[in-house]
Amino acid sequence: SHFIFYRQSKNNKMKSFIIALAAISGASAFAPMQSSRVSTKLFFEYGEFDGKLWDNEAKKQVYAKWDPNSPRTVNNFNPFETWDGNSPDCSGFYPGETRYKDPLRGDASFAIMMAERAEAEERAANPKPGDRPGCPGCRN
């Protein structure tokens, strides 16, 4: 009979231990997680036409807002300025730069290109005030 009492006592201790362990692990499921991880997601700002059609009309809208006397940003750049023969994307980045995104381009035909050329010649003949090499709003 002494053996039976010892066995029941040991079983009760084991049951108590299991119940306590379940209670502790169950409570920790609702506790906030402690994490030492740092977010690696970066949030970059892109231009007004990011993910949209980047055609001559969009470029003219960006050019109209461009202030050559203010620092160059994703929303303040000359979309018709070229760098090493390349045009910028809709955020003012050039091919080869880290944040460059290949834009959604508009239609191209000889007639469209000739009309755009005439507009480009007009722009070159009448630059915005402050538009000069080295100005803050240009790529230097």
# chains A, B, ... in the order shown; residues from 1 in each chain; ligands from 1
>>> residues_around(residues="A:Phe93", least_positions_apart="6", cutoff="10 Å", atoms="only C-alpha atoms", output="mmCIF file with C-alpha atoms, in the first residue's frame")
data_model
loop_
_atom_site.group_PDB
_atom_site.id
_atom_site.type_symbol
_atom_site.label_atom_id
_atom_site.label_comp_id
_atom_site.auth_asym_id
_atom_site.auth_seq_id
_atom_site.Cartn_x
_atom_site.Cartn_y
_atom_site.Cartn_z
ATOM 1 C CA TYR A 46 9.628 58.935 -56.215
ATOM 2 C CA GLY A 47 8.229 61.485 -58.644
ATOM 3 C CA THR A 73 14.695 66.684 -56.041
ATOM 4 C CA VAL A 74 12.413 63.917 -57.327
ATOM 5 C CA PHE A 77 14.098 68.559 -62.006
ATOM 6 C CA PRO A 79 12.818 66.260 -67.443
ATOM 7 C CA TRP A 83 23.215 63.241 -68.885
ATOM 8 C CA ASN A 86 20.368 59.679 -71.442
ATOM 9 C CA SER A 87 17.058 61.180 -70.379
ATOM 10 C CA ARG A 99 17.013 54.314 -57.876
ATOM 11 C CA TYR A 100 16.462 54.549 -61.664
ATOM 12 C CA LYS A 101 13.212 52.957 -62.836
ATOM 13 C CA ASP A 102 12.541 52.284 -66.500
ATOM 14 C CA ARG A 139 22.295 67.774 -62.511
#
>>> select_by_dssp(residues="stretch 25-131 of chain A", states="helix (DSSP H, G or I)", output="PyMOL selection string")
chain A and resi 25-28+56-65+110-125
>>> atom_distance(atom1="atom CA of A:Met113", atom2="atom CA of A:Pro68")
25.6 Å
>>> atom_distance(atom1="atom CA of A:Arg105", atom2="atom CA of A:Ala125")
26.0 Å
>>> atom_distance(atom1="atom CA of A:Lys128", atom2="atom CA of A:Asp67")
8.2 Å
>>> closest_residue(among="A:Lys52, A:Lys65, A:Lys60, A:Arg72", to="A:Arg123", atoms="only C-alpha atoms")
A:Lys60
>>> closest_residue(among="A:Ser109, A:Asp50, A:Arg132, A:Glu122", to="A:Gly92", atoms="only C-alpha atoms")
A:Asp50
>>> closest_residue(among="A:Asn76, A:Leu21, A:Asp107, A:Tyr94", to="A:Glu57", atoms="only C-alpha atoms")
A:Asp107
>>> residues_around(residues="A:Ala124", least_positions_apart="6", cutoff="12 Å", atoms="only C-alpha atoms", output="PyMOL selection string")
chain A and resi 80-81+117-118+131-132
>>> select_by_dssp(residues="stretch 13-132 of chain A", states="strand (DSSP E or B)", output="ChimeraX atom specification")
/A:53-54,73,76,83,86,104-105
>>> closest_residue(among="A:Asn12, A:Ala111, A:Ala64, A:Cys138", to="A:Pro88", atoms="only C-alpha atoms")
A:Cys138
